[in-house]
Amino acid sequence: MSKIYKSSRKGFPGGFTVLMAVYHKEDPYRFKQALESIFSNTLLPDQVILVVDGPVPEYLDNIITDTEQRSELFSVYRLSQNRGLAEALNMGLAYVETEWVVRADSDDINKFDRFEKQAAAIADISSSVDIIGGAIREIDYDGTPLAIRRTVENDSDIRDFVRRRNPFNHMTVAFRLDIVRKVGGYPNIFLKEDYALWALLIHAGARCMNLPDVLVDATTGREMYGRRGGLKYAMAEVELQRHLVSLNIKSLSHAVFDGIARSIVFLMPPFFRALVYKRLLRS
């Protein structure tokens, strides 16, 4: 990046902040691409907040320092130890000064007009939405397209879908800051913090929508789903199901069934788990 990026205060009512977290295992090339995709968007944010989740290698720090020097929008906050995504994002939320927060992941590429599309949709429906997401294109580590992942779009379908599956692609979501603060931010459930937050927000009456447009190229890799398993993942699934039951989003019997079925998947050998993800859970 070679230019000084300045804010364009328009689009989202009350302004918007892009919130991102990064940790020590991030790939530097994808991280740099992710940042560039924010600053090259057709609509620039009022703030970009990066939370560094614990110590990171020098090559990541160099990218962060370079971006700080080149952008007046960019603010960096650091956790002394790796605390996980929920705590990192909650820390970042404390520093947001705009009405809207737009999530971005440190290894995903925002489409060049992502922010403009979401701002236009919000303007069209005025105060009728609190959370807005969209579709993603899943790509391999070398950029090879794998699949388009869309989800349900209107509020009533999202409220029904949340009982069974995550209704939003986290890296595409924009939400009103005030309603997220009212529910206490992201629950600290391993790799389920976003799903748990959407459940809290829906329970609190948040108005939801998804755009059919692909807003983000999401780096997944063909082997990612095979790696996502083990006892920690299974225990997180059980905790998520308890969370959904506590909010009366789903019945205890359905939660027990889903919790057992998904825990079995998480405890499968990686090869079989990858097949299940690709053929069933992602269909």
# chains A, B, ... in the order shown; residues from 1 in each chain; ligands from 1
>>> residues_around(residues="Val180 of chain A", least_positions_apart="4", cutoff="9 Å", atoms="only C-alpha atoms", output="PyMOL selection string")
chain A and resi 175-176+184-186+197+200-201
>>> write_last_selection(atoms="C-alpha atoms", output="tab-separated table (two decimals), in the first residue's frame")
chain	number	residue	atom	x	y	z
A	175	PHE	CA	-24.48	-4.50	12.68
A	176	ARG	CA	-25.65	-1.59	14.78
A	184	GLY	CA	-23.02	-7.78	26.11
A	185	GLY	CA	-21.07	-8.39	22.91
A	186	TYR	CA	-19.78	-11.70	21.62
A	197	LEU	CA	-24.23	-13.45	19.16
A	200	LEU	CA	-28.73	-13.17	21.40
A	201	LEU	CA	-29.58	-10.38	18.98
>>> select_by_dssp(residues="segment 114-209 of chain A", states="strand (DSSP E or B)", output="ChimeraX atom specification")
/A:131-139,145-149,174-176,208-209
>>> write_last_selection(atoms="C-alpha atoms", output="CSV table (one decimal), in the first residue's frame")
chain,number,residue,atom,x,y,z
A,131,ILE,CA,-27.9,-6.8,11.1
A,132,ILE,CA,-27.1,-7.2,7.4
A,133,GLY,CA,-24.9,-9.9,5.8
A,134,GLY,CA,-24.5,-11.5,2.4
A,135,ALA,CA,-23.1,-14.3,0.4
A,136,ILE,CA,-19.5,-15.4,0.2
A,137,ARG,CA,-17.4,-17.1,-2.4
A,138,GLU,CA,-15.2,-19.8,-0.8
A,139,ILE,CA,-11.7,-19.9,-2.3
A,145,PRO,CA,-12.9,-20.7,-6.4
A,146,LEU,CA,-14.6,-23.6,-4.5
A,147,ALA,CA,-18.2,-22.7,-3.9
A,148,ILE,CA,-20.7,-19.9,-3.3
A,149,ARG,CA,-22.3,-19.9,0.1
A,174,ALA,CA,-22.6,-5.3,9.5
A,175,PHE,CA,-24.5,-4.5,12.7
A,176,ARG,CA,-25.6,-1.6,14.8
A,208,CYS,CA,-32.1,-9.1,10.2
A,209,MET,CA,-31.4,-9.5,6.5
>>> closest_residue(among="A:Ser246, A:Asp213, A:Val256, A:Leu191", to="Lys232 of chain A", atoms="only C-alpha atoms")
A:Leu191
>>> residues_around(residues="segment 54-71 of chain A", least_positions_apart="3", cutoff="10 Å", atoms="only C-alpha atoms", output="tab-separated table (two decimals) with N, CA and C atoms, in the first residue's frame")
chain	number	residue	atom	x	y	z
A	1	MET	N	0.84	-1.19	0.00
A	1	MET	CA	0.00	0.00	0.00
A	1	MET	C	0.88	1.24	0.00
A	2	SER	N	0.54	2.21	-0.85
A	2	SER	CA	1.44	3.33	-1.04
A	2	SER	C	0.78	4.69	-0.87
A	3	LYS	N	-0.49	4.73	-0.48
A	3	LYS	CA	-1.15	6.02	-0.39
A	3	LYS	C	-1.66	6.26	1.02
A	4	ILE	N	-1.96	7.52	1.32
A	4	ILE	CA	-2.61	7.86	2.58
A	4	ILE	C	-4.11	7.77	2.36
A	5	TYR	N	-4.76	6.93	3.14
A	5	TYR	CA	-6.18	6.72	2.96
A	5	TYR	C	-6.96	7.64	3.89
A	6	LYS	N	-7.94	8.33	3.35
A	6	LYS	CA	-8.75	9.25	4.13
A	6	LYS	C	-10.20	8.79	4.14
A	7	SER	N	-10.88	9.10	5.22
A	7	SER	CA	-12.25	8.66	5.39
A	7	SER	C	-13.20	9.34	4.42
A	22	VAL	N	-6.46	-10.14	14.39
A	22	VAL	CA	-5.42	-10.96	13.77
A	22	VAL	C	-4.64	-11.65	14.88
A	23	TYR	N	-4.12	-12.85	14.60
A	23	TYR	CA	-3.30	-13.56	15.58
A	23	TYR	C	-2.08	-14.16	14.90
A	24	HIS	N	-1.25	-14.83	15.70
A	24	HIS	CA	0.10	-15.17	15.25
A	24	HIS	C	0.16	-16.15	14.08
A	25	LYS	N	-0.88	-16.92	13.84
A	25	LYS	CA	-0.84	-17.92	12.78
A	25	LYS	C	-1.30	-17.39	11.42
A	26	GLU	N	-1.64	-16.12	11.35
A	26	GLU	CA	-2.15	-15.60	10.08
A	26	GLU	C	-1.07	-15.57	9.00
A	27	ASP	N	-1.49	-15.87	7.79
A	27	ASP	CA	-0.60	-15.81	6.64
A	27	ASP	C	-0.39	-14.35	6.24
A	28	PRO	N	0.86	-13.89	6.11
A	28	PRO	CA	1.09	-12.46	5.84
A	28	PRO	C	0.54	-12.00	4.50
A	29	TYR	N	0.62	-12.84	3.49
A	29	TYR	CA	0.12	-12.45	2.17
A	29	TYR	C	-1.39	-12.24	2.22
A	31	PHE	N	-3.20	-11.64	4.88
A	31	PHE	CA	-3.47	-10.52	5.78
A	31	PHE	C	-3.33	-9.19	5.04
A	32	LYS	N	-2.27	-9.06	4.28
A	32	LYS	CA	-2.05	-7.82	3.53
A	32	LYS	C	-3.15	-7.62	2.49
A	35	LEU	N	-6.36	-6.40	4.26
A	35	LEU	CA	-6.30	-4.97	4.58
A	35	LEU	C	-6.48	-4.13	3.32
A	36	GLU	N	-5.80	-4.50	2.27
A	36	GLU	CA	-5.89	-3.74	1.02
A	36	GLU	C	-7.33	-3.71	0.51
A	39	PHE	N	-9.21	-0.85	2.25
A	39	PHE	CA	-8.83	0.51	1.89
A	39	PHE	C	-9.03	0.82	0.40
A	47	GLN	N	-13.57	4.49	10.50
A	47	GLN	CA	-12.53	3.89	11.34
A	47	GLN	C	-12.21	2.50	10.81
A	48	VAL	N	-10.99	2.07	11.01
A	48	VAL	CA	-10.62	0.66	10.88
A	48	VAL	C	-9.91	0.29	12.17
A	50	LEU	N	-8.10	-2.64	14.31
A	50	LEU	CA	-7.46	-3.96	14.30
A	50	LEU	C	-7.07	-4.32	15.73
A	51	VAL	N	-7.53	-5.47	16.18
A	51	VAL	CA	-7.12	-5.99	17.48
A	51	VAL	C	-6.11	-7.11	17.24
A	74	PHE	N	-6.70	4.05	10.59
A	74	PHE	CA	-6.32	2.75	11.13
A	74	PHE	C	-5.85	2.88	12.58
A	75	SER	N	-6.52	2.14	13.48
A	75	SER	CA	-6.14	2.13	14.90
A	75	SER	C	-5.87	0.69	15.32
A	76	VAL	N	-4.84	0.50	16.12
A	76	VAL	CA	-4.42	-0.84	16.53
A	76	VAL	C	-4.47	-0.94	18.05
A	78	ARG	N	-3.90	-3.95	21.24
A	78	ARG	CA	-3.21	-5.22	21.42
A	78	ARG	C	-3.59	-5.89	22.75
A	79	LEU	N	-3.79	-7.20	22.67
A	79	LEU	CA	-3.91	-8.04	23.86
A	79	LEU	C	-2.55	-8.65	24.15
A	80	SER	N	-2.17	-8.68	25.40
A	80	SER	CA	-0.83	-9.18	25.75
A	80	SER	C	-0.71	-10.68	25.53
A	81	GLN	N	-1.84	-11.40	25.60
A	81	GLN	CA	-1.86	-12.84	25.36
A	81	GLN	C	-2.97	-13.18	24.39
A	82	ASN	N	-2.85	-14.30	23.71
A	82	ASN	CA	-3.90	-14.76	22.82
A	82	ASN	C	-5.12	-15.17	23.63
A	83	ARG	N	-6.24	-14.48	23.41
A	83	ARG	CA	-7.45	-14.71	24.21
A	83	ARG	C	-8.60	-15.26	23.39
A	84	GLY	N	-8.43	-15.38	22.10
A	84	GLY	CA	-9.50	-15.89	21.26
A	84	GLY	C	-10.29	-14.76	20.61
A	88	ALA	N	-11.13	-10.68	21.63
A	88	ALA	CA	-10.48	-9.69	20.77
A	88	ALA	C	-11.51	-8.75	20.16
>>> closest_residue(among="A:Leu231, A:Leu211, A:Val52, A:Leu44", to="Met91 of chain A", atoms="only C-alpha atoms")
A:Val52
>>> closest_residue(among="A:Pro167, A:Gly143, A:Gly15, A:Pro269", to="Ile202 of chain A", atoms="only C-alpha atoms")
A:Pro167
>>> closest_residue(among="A:Leu240, A:Val102, A:Ile264, A:Val129", to="Ala199 of chain A", atoms="only C-alpha atoms")
A:Leu240
>>> closest_residue(among="A:Phe112, A:Phe272, A:Phe168, A:Tyr195", to="Asp217 of chain A", atoms="only C-alpha atoms")
A:Phe112
>>> residues_around(residues="Asp140 of chain A", least_positions_apart="2", cutoff="6 Å", atoms="only C-alpha atoms", output="list in words")
Asp142, Gly143, Thr144, Thr219, Thr220 and Gly221 of chain A
>>> write_last_selection(atoms="C-alpha atoms", output="PDB file, in the first residue's frame")
ATOM      1  CA  ASP A 142      -4.204 -20.293  -3.985  1.00  0.00           C
ATOM      2  CA  GLY A 143      -7.344 -18.306  -4.859  1.00  0.00           C
ATOM      3  CA  THR A 144      -9.124 -21.124  -6.694  1.00  0.00           C
ATOM      4  CA  THR A 219     -10.325 -18.313   2.329  1.00  0.00           C
ATOM      5  CA  THR A 220     -11.264 -21.821   3.412  1.00  0.00           C
ATOM      6  CA  GLY A 221      -9.041 -24.359   1.704  1.00  0.00           C
TER       7      GLY A 221
END
>>> atom_distance(atom1="atom CA of Asp157 of chain A", atom2="atom CA of Glu116 of chain A")
24.6 Å
